[in-house]
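Visitor: Provided below: entry-v2.cif, containing mmCIF, C-alpha atoms.
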```
data_upload
#
loop_
_atom_site.group_PDB
_atom_site.id
_atom_site.type_symbol
_atom_site.label_atom_id
_atom_site.label_comp_id
_atom_site.auth_asym_id
_atom_site.auth_seq_id
_atom_site.Cartn_x
_atom_site.Cartn_y
_atom_site.Cartn_z
ATOM 1 C CA MET A 11 -29.075 -9.931 60.328
ATOM 2 C CA LEU A 12 -29.298 -13.709 60.750
ATOM 3 C CA ASN A 13 -26.189 -15.493 59.593
ATOM 4 C CA THR A 14 -27.391 -18.804 58.158
ATOM 5 C CA ASP A 15 -24.008 -20.171 57.107
ATOM 6 C CA ALA A 16 -22.443 -19.782 60.543
ATOM 7 C CA GLY A 17 -20.942 -22.809 62.218
ATOM 8 C CA PRO A 18 -17.728 -24.302 63.545
ATOM 9 C CA GLU A 19 -16.111 -24.102 60.122
ATOM 10 C CA HIS A 20 -16.536 -20.278 60.268
ATOM 11 C CA PRO A 21 -15.303 -19.308 63.761
ATOM 12 C CA ALA A 22 -15.160 -15.591 62.902
ATOM 13 C CA ARG A 23 -18.957 -15.532 62.507
ATOM 14 C CA ASP A 24 -21.438 -14.297 65.089
ATOM 15 C CA LEU A 25 -21.693 -17.222 67.506
ATOM 16 C CA SER A 26 -25.012 -15.949 68.878
ATOM 17 C CA THR A 27 -26.710 -17.208 65.693
ATOM 18 C CA TRP A 28 -25.385 -20.760 65.979
ATOM 19 C CA THR A 29 -27.441 -23.746 67.013
ATOM 20 C CA ILE A 30 -26.630 -25.363 70.320
ATOM 21 C CA GLU A 31 -25.207 -28.369 68.467
ATOM 22 C CA CYS A 32 -22.794 -26.208 66.435
ATOM 23 C CA LEU A 33 -21.781 -24.160 69.458
ATOM 24 C CA HIS A 34 -21.241 -27.293 71.548
ATOM 25 C CA GLN A 35 -19.035 -28.771 68.819
ATOM 26 C CA PHE A 36 -17.057 -25.529 68.560
ATOM 27 C CA ALA A 37 -16.661 -25.368 72.349
ATOM 28 C CA GLN A 38 -14.969 -28.766 72.484
ATOM 29 C CA ASP A 39 -11.777 -27.325 70.995
ATOM 30 C CA ALA A 40 -12.224 -23.670 71.960
ATOM 31 C CA ARG A 41 -9.761 -21.966 74.287
ATOM 32 C CA GLY A 42 -9.429 -18.611 76.031
ATOM 33 C CA ARG A 43 -11.520 -15.815 74.519
ATOM 34 C CA GLN A 44 -13.447 -18.246 72.307
ATOM 35 C CA LEU A 45 -14.571 -20.202 75.367
ATOM 36 C CA GLU A 46 -15.640 -16.984 77.062
ATOM 37 C CA VAL A 47 -17.767 -16.110 74.033
ATOM 38 C CA VAL A 48 -19.334 -19.586 74.124
ATOM 39 C CA ARG A 49 -20.088 -19.121 77.838
ATOM 40 C CA VAL A 50 -21.718 -15.734 77.315
ATOM 41 C CA VAL A 51 -23.708 -16.732 74.217
ATOM 42 C CA ALA A 52 -24.978 -19.932 75.838
ATOM 43 C CA GLN A 53 -25.888 -18.064 79.014
ATOM 44 C CA GLY A 54 -27.781 -15.492 76.934
ATOM 45 C CA HIS A 55 -29.838 -18.281 75.362
ATOM 46 C CA ALA A 56 -30.505 -19.781 78.789
ATOM 47 C CA HIS A 57 -31.975 -16.438 79.867
ATOM 48 C CA ARG A 58 -34.416 -16.270 76.937
ATOM 49 C CA ALA A 59 -37.926 -16.572 78.333
ATOM 50 C CA ASP A 60 -39.328 -17.503 74.901
ATOM 51 C CA GLU A 61 -37.356 -20.778 74.891
ATOM 52 C CA PRO A 62 -38.775 -23.996 76.373
ATOM 53 C CA SER A 63 -37.425 -24.837 79.838
ATOM 54 C CA GLU A 64 -35.481 -27.901 78.698
ATOM 55 C CA ALA A 65 -33.787 -25.931 75.908
ATOM 56 C CA ARG A 66 -32.837 -23.262 78.433
ATOM 57 C CA ARG A 67 -31.342 -25.940 80.689
ATOM 58 C CA GLN A 68 -29.315 -27.335 77.764
ATOM 59 C CA TRP A 69 -27.969 -23.866 76.979
ATOM 60 C CA ALA A 70 -27.147 -23.388 80.653
ATOM 61 C CA ARG A 71 -25.252 -26.691 80.735
ATOM 62 C CA LEU A 72 -23.164 -25.546 77.775
ATOM 63 C CA SER A 73 -22.439 -22.228 79.490
ATOM 64 C CA LEU A 74 -21.446 -24.027 82.689
ATOM 65 C CA GLN A 75 -19.192 -26.445 80.787
ATOM 66 C CA ALA A 76 -17.436 -23.570 79.011
ATOM 67 C CA ASN A 77 -17.054 -21.670 82.292
ATOM 68 C CA ARG A 78 -15.548 -24.681 84.056
ATOM 69 C CA ARG A 79 -12.933 -25.108 81.331
ATOM 70 C CA LEU A 80 -12.185 -21.407 81.042
ATOM 71 C CA HIS A 81 -10.631 -20.472 84.362
ATOM 72 C CA GLY A 82 -6.961 -20.354 85.225
ATOM 73 C CA ASP A 83 -5.239 -21.539 88.358
ATOM 74 C CA SER A 84 -5.063 -18.261 90.280
ATOM 75 C CA VAL A 85 -7.362 -17.803 93.271
ATOM 76 C CA TRP A 86 -9.070 -14.922 91.455
ATOM 77 C CA ASP A 87 -9.658 -17.043 88.329
ATOM 78 C CA GLN A 88 -11.025 -19.872 90.455
ATOM 79 C CA ALA A 89 -13.285 -17.469 92.370
ATOM 80 C CA ARG A 90 -14.534 -15.839 89.156
ATOM 81 C CA ALA A 91 -15.415 -19.210 87.670
ATOM 82 C CA ALA A 92 -17.157 -20.366 90.839
ATOM 83 C CA HIS A 93 -19.080 -17.086 91.150
ATOM 84 C CA GLN A 94 -20.329 -17.294 87.553
ATOM 85 C CA ASP A 95 -21.214 -20.956 88.032
ATOM 86 C CA PHE A 96 -23.130 -20.316 91.252
ATOM 87 C CA MET A 97 -25.006 -17.306 89.896
ATOM 88 C CA LEU A 98 -26.194 -19.073 86.722
ATOM 89 C CA ARG A 99 -27.234 -22.166 88.639
ATOM 90 C CA MET A 100 -29.109 -20.048 91.194
ATOM 91 C CA TRP A 101 -30.832 -18.062 88.472
ATOM 92 C CA LEU A 102 -32.015 -21.269 86.795
ATOM 93 C CA ILE A 103 -33.224 -22.757 90.067
ATOM 94 C CA ASP A 104 -35.185 -19.548 90.701
ATOM 95 C CA LYS A 105 -36.611 -19.237 87.184
ATOM 96 C CA LEU A 106 -37.088 -22.857 86.068
ATOM 97 C CA GLY A 107 -37.345 -24.583 89.403
ATOM 98 C CA PRO A 108 -35.015 -26.991 91.173
ATOM 99 C CA ASP A 109 -34.137 -30.396 89.767
ATOM 100 C CA THR A 110 -32.758 -32.677 92.476
ATOM 101 C CA GLU A 111 -31.824 -35.262 89.829
ATOM 102 C CA ASP A 112 -29.412 -32.854 88.097
ATOM 103 C CA HIS A 113 -26.385 -31.647 90.061
ATOM 104 C CA ASP A 114 -26.298 -28.318 88.229
ATOM 105 C CA PHE A 115 -29.904 -27.472 89.132
ATOM 106 C CA SER A 116 -30.128 -28.990 92.594
ATOM 107 C CA PRO A 117 -30.291 -26.480 95.464
ATOM 108 C CA GLU A 118 -28.685 -29.018 97.801
ATOM 109 C CA ALA A 119 -25.779 -29.587 95.417
ATOM 110 C CA LEU A 120 -25.346 -25.840 94.945
ATOM 111 C CA ALA A 121 -25.305 -25.397 98.713
ATOM 112 C CA VAL A 122 -22.603 -28.058 99.133
ATOM 113 C CA ASP A 123 -20.554 -26.596 96.261
ATOM 114 C CA THR A 124 -20.833 -23.132 97.791
ATOM 115 C CA VAL A 125 -19.708 -24.206 101.248
ATOM 116 C CA THR A 126 -16.865 -26.228 99.706
ATOM 117 C CA ALA A 127 -15.621 -23.185 97.765
ATOM 118 C CA LEU A 128 -15.308 -21.070 100.907
ATOM 119 C CA ALA A 129 -11.932 -21.097 102.631
ATOM 120 C CA LEU A 130 -13.224 -19.244 105.693
ATOM 121 C CA THR A 131 -15.974 -20.139 108.113
ATOM 122 C CA PRO A 132 -18.650 -17.523 108.755
ATOM 123 C CA GLY A 133 -17.076 -16.859 112.170
ATOM 124 C CA GLU A 134 -13.603 -16.332 110.712
ATOM 125 C CA ALA A 135 -14.948 -13.986 108.041
ATOM 126 C CA HIS A 136 -16.942 -12.059 110.632
ATOM 127 C CA ALA A 137 -13.875 -11.625 112.863
ATOM 128 C CA LEU A 138 -11.799 -10.322 109.928
ATOM 129 C CA ALA A 139 -14.559 -8.102 108.575
ATOM 130 C CA GLY A 140 -14.711 -6.162 111.833
ATOM 131 C CA HIS A 141 -11.342 -4.566 111.073
ATOM 132 C CA TRP A 142 -10.851 -5.201 107.357
ATOM 133 C CA ARG A 143 -9.289 -1.779 106.712
ATOM 134 C CA ASP A 144 -6.329 -2.841 108.866
ATOM 135 C CA LEU A 145 -5.769 -6.118 107.034
ATOM 136 C CA ALA A 146 -3.141 -6.967 104.449
ATOM 137 C CA VAL A 147 -4.305 -6.613 100.861
ATOM 138 C CA GLU A 148 -4.329 -10.421 100.439
ATOM 139 C CA GLN A 149 -6.728 -10.815 103.365
ATOM 140 C CA ILE A 150 -8.981 -8.081 102.008
ATOM 141 C CA GLY A 151 -8.962 -9.923 98.696
ATOM 142 C CA GLU A 152 -9.953 -13.147 100.457
ATOM 143 C CA LEU A 153 -12.904 -11.373 102.078
ATOM 144 C CA ARG A 154 -13.962 -9.914 98.714
ATOM 145 C CA ARG A 155 -13.817 -13.336 97.089
ATOM 146 C CA HIS A 156 -16.033 -14.663 99.883
ATOM 147 C CA ARG A 157 -18.479 -11.817 99.326
ATOM 148 C CA ASN A 158 -18.681 -12.728 95.622
ATOM 149 C CA LEU A 159 -18.920 -16.460 96.286
ATOM 150 C CA THR A 160 -21.876 -15.935 98.621
ATOM 151 C CA ALA A 161 -23.804 -13.455 96.453
ATOM 152 C CA HIS A 162 -26.550 -16.008 95.768
ATOM 153 C CA VAL A 163 -27.024 -17.507 99.237
ATOM 154 C CA ASP A 164 -29.874 -15.236 100.286
ATOM 155 C CA ARG A 165 -31.971 -16.774 97.484
ATOM 156 C CA LEU A 166 -30.557 -20.272 97.869
ATOM 157 C CA VAL A 167 -31.537 -20.712 101.519
ATOM 158 C CA CYS A 168 -35.209 -20.376 100.501
ATOM 159 C CA HIS A 169 -34.837 -23.625 98.514
ATOM 160 C CA LEU A 170 -33.135 -25.634 101.279
ATOM 161 C CA GLN A 171 -34.512 -27.809 104.036
ATOM 162 C CA PRO A 172 -33.402 -26.975 107.592
ATOM 163 C CA GLY A 173 -30.003 -28.409 108.435
ATOM 164 C CA PRO A 174 -26.344 -27.591 109.056
ATOM 165 C CA ILE A 175 -25.541 -26.405 105.515
ATOM 166 C CA ARG A 176 -28.595 -24.160 105.406
ATOM 167 C CA ASP A 177 -27.647 -22.772 108.819
ATOM 168 C CA ARG A 178 -24.119 -22.047 107.615
ATOM 169 C CA LEU A 179 -25.425 -20.283 104.515
ATOM 170 C CA LEU A 180 -27.874 -18.288 106.624
ATOM 171 C CA ALA A 181 -24.896 -17.071 108.647
ATOM 172 C CA TRP A 182 -23.255 -15.944 105.395
ATOM 173 C CA THR A 183 -26.353 -13.899 104.456
ATOM 174 C CA GLU A 184 -25.776 -11.832 107.604
ATOM 175 C CA ILE A 185 -21.982 -11.625 107.418
ATOM 176 C CA ARG A 186 -21.573 -10.808 103.737
ATOM 177 C CA ARG A 187 -23.027 -7.298 104.107
ATOM 178 C CA ASP A 188 -20.054 -6.441 106.380
ATOM 179 C CA LEU A 189 -17.461 -7.751 103.951
ATOM 180 C CA PRO A 190 -15.499 -5.280 101.819
#
```
Let me see whether you can do it: turn the structure in this file into structure tokens.

Guide:
Amino acid sequence: MLNTDAGPEHPARDLSTWTIECLHQFAQDARGRQLEVVRVVAQGHAHRADEPSEARRQWARLSLQANRRLHGDSVWDQARAAHQDFMLRMWLIDKLGPDTEDHDFSPEALAVDTVTALALTPGEAHALAGHWRDLAVEQIGELRRHRNLTAHVDRLVCHLQPGPIRDRLLAWTEIRRDLP
């Protein structure tokens, strides 16, 4: 049932029925679980094929903004936020096409952000992956975070021109299948 009186003044309402303007206004002061709901609802709208491309991009921007404000300071929170960011951006680049004028929808910017988020080089990850069962739990966790943070690179490299960053991401496409 469509809830026509929903809006920021009624935060207990179904946020999926809100306009982007109302949800954006609500998100400005939202925290914790509320921000997560904003992220998920906005992402859901971005995925709707019946929406015009520009509307889908606006919804995606709202989802990305909520996601970037949502995370905590732990390495797992940071990795979760980056993973969700990268996956939504990659999905939009695949479905709506790249936009080199917009950082969030630029394959080159996504490539740089991905490489920047990785603490290990492909060679370091490969060396550790060869004997990951013998590693300390923290090192196994680091390898798992790298696996998550590179989940989109096989699709991303198709959008990149040849160069050092593309080469590095190509190396990750091979290495990530050996990561725990």

Visitor: Given the choices A:Gln38, A:Thr27, A:Ser63, A:Gln88, which gets closest to Val51 (chain A) if the distance is worked out from only C-alpha atoms?

Guide: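 For Val51 (chain A), the nearest of the given residues is A:Thr27.
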
Visitor: Rounded to one decimal place, report the CA of Ile30 (chain A)-CA of His55 (chain A) distance in Å.

Guide: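 CA of His55 (chain A) lies at a distance of 9.3 Å from CA of Ile30 (chain A).
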
Visitor: Need to verify the contact set: Ala52 (chain A), 6 Å, all atoms listed in the file, exclusion of same-chain residues closer than 4 positions in sequence. Can you return it as a ChimeraX atom specification?

Guide: /A:48,69,73

Visitor: Would you mind exporting the chosen residues as a short mmCIF file (atom, residue, chain, number, x, y, z; two decimals), in the frame of the given file, restricted to C-alpha atoms?

Guide:
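To be explicit, this is the file written out as again39.cif:
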```cif
data_model
loop_
_atom_site.label_atom_id
_atom_site.label_comp_id
_atom_site.auth_asym_id
_atom_site.auth_seq_id
_atom_site.Cartn_x
_atom_site.Cartn_y
_atom_site.Cartn_z
CA VAL A 48 -19.33 -19.59 74.12
CA TRP A 69 -27.97 -23.87 76.98
CA SER A 73 -22.44 -22.23 79.49
#
```

Visitor: Skipping near chain neighbours, those fewer than 5 positions away, what residues fall within 8 Å of region 94-106 of chain A using all atoms listed in the file, listed as a list in words?

Guide: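 Once the nearby chain positions are removed, what remains is Gln53, Ser63, Arg67, Ala70, Leu74, Asn77, Arg78, Asp114, Phe115, Ser116, Pro117, Leu120, Thr124, Leu159, Ala161, His162, Arg165 and Leu166 of chain A.
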
Visitor: In Å, rounded to a single decimal, give me how far CA of Asn158 (chain A) is from CA of His141 (chain A).

Guide: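 Result for CA of His141 (chain A) versus CA of Asn158 (chain A): 19.0 Å, one decimal.
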
Visitor: Hey, which of A:Ile185, A:Ala56, A:Val125, A:Leu80 ends up closest to Gln68 (chain A)? Count all atoms listed in the file.

Guide: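 Of A:Ile185, A:Ala56, A:Val125, A:Leu80, the one nearest Gln68 (chain A), counting all atoms listed in the file, is A:Ala56.
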
Visitor: Tell me which protein, DNA and RNA residues are within 12 Å of region 143-157 of chain A, counting all atoms listed in the file, leaving out same-chain ones fewer than 3 positions away, and put them as a short mmCIF file (atom, residue, chain, number, x, y, z; two decimals) with C-alpha atoms, in the frame of the given file.

Guide:
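This is the output file out24.cif:
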```cif
data_model
loop_
_atom_site.label_atom_id
_atom_site.label_comp_id
_atom_site.auth_asym_id
_atom_site.auth_seq_id
_atom_site.Cartn_x
_atom_site.Cartn_y
_atom_site.Cartn_z
CA VAL A 85 -7.36 -17.80 93.27
CA TRP A 86 -9.07 -14.92 91.46
CA ASP A 87 -9.66 -17.04 88.33
CA GLN A 88 -11.02 -19.87 90.46
CA ALA A 89 -13.28 -17.47 92.37
CA ARG A 90 -14.53 -15.84 89.16
CA ALA A 91 -15.42 -19.21 87.67
CA ALA A 92 -17.16 -20.37 90.84
CA HIS A 93 -19.08 -17.09 91.15
CA THR A 124 -20.83 -23.13 97.79
CA VAL A 125 -19.71 -24.21 101.25
CA THR A 126 -16.86 -26.23 99.71
CA ALA A 127 -15.62 -23.18 97.76
CA LEU A 128 -15.31 -21.07 100.91
CA ALA A 129 -11.93 -21.10 102.63
CA LEU A 130 -13.22 -19.24 105.69
CA THR A 131 -15.97 -20.14 108.11
CA PRO A 132 -18.65 -17.52 108.76
CA GLU A 134 -13.60 -16.33 110.71
CA ALA A 135 -14.95 -13.99 108.04
CA HIS A 136 -16.94 -12.06 110.63
CA ALA A 137 -13.88 -11.62 112.86
CA LEU A 138 -11.80 -10.32 109.93
CA ALA A 139 -14.56 -8.10 108.58
CA GLY A 140 -14.71 -6.16 111.83
CA THR A 160 -21.88 -15.94 98.62
CA ALA A 161 -23.80 -13.46 96.45
CA HIS A 162 -26.55 -16.01 95.77
CA VAL A 163 -27.02 -17.51 99.24
CA ASP A 164 -29.87 -15.24 100.29
CA LEU A 179 -25.42 -20.28 104.52
CA TRP A 182 -23.26 -15.94 105.40
CA THR A 183 -26.35 -13.90 104.46
CA GLU A 184 -25.78 -11.83 107.60
CA ILE A 185 -21.98 -11.62 107.42
CA ARG A 186 -21.57 -10.81 103.74
CA ARG A 187 -23.03 -7.30 104.11
CA ASP A 188 -20.05 -6.44 106.38
CA LEU A 189 -17.46 -7.75 103.95
CA PRO A 190 -15.50 -5.28 101.82
#
```

Visitor: Please compute the CA of Arg79 (chain A)-CA of Gly42 (chain A) distance, one decimal, in Å.

Guide: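 Pair CA of Arg79 (chain A) / CA of Gly42 (chain A) returns 9.1 Å.
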
Visitor: Let me make sure I understand: among A:Gly133, A:Gln171, A:Arg49, A:Asp123, which one has the smallest atom-to-atom distance to Ala37 (chain A) if we use all atoms listed in the file?

Guide: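 Residue with the minimum atom-to-atom distance to Ala37 (chain A): A:Arg49.
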
Visitor: Skipping near chain neighbours, those fewer than 5 positions away, what residues fall within 12 Å of Gly173 (chain A) using all atoms listed in the file, listed as a PyMOL selection string?

Guide: chain A and resi 118+121-122+167+178-180

Visitor: Choose the residue, out of A:Cys32, A:Ala181, A:Leu170, A:Leu72, that has the smallest atom-to-atom separation from Glu46 (chain A); count all atoms listed in the file.

Guide: A:Leu72

Visitor: Box in all listed atoms of region 60-63 of chain A, axis-aligned, with 6 Å more on each side; write out centre and edge lengths in Å to one decimal as AutoDock Vina command-line options.

Guide:
```
--center_x -38.3 --center_y -21.2 --center_z 77.4 --size_x 14.0 --size_y 19.3 --size_z 16.9
```
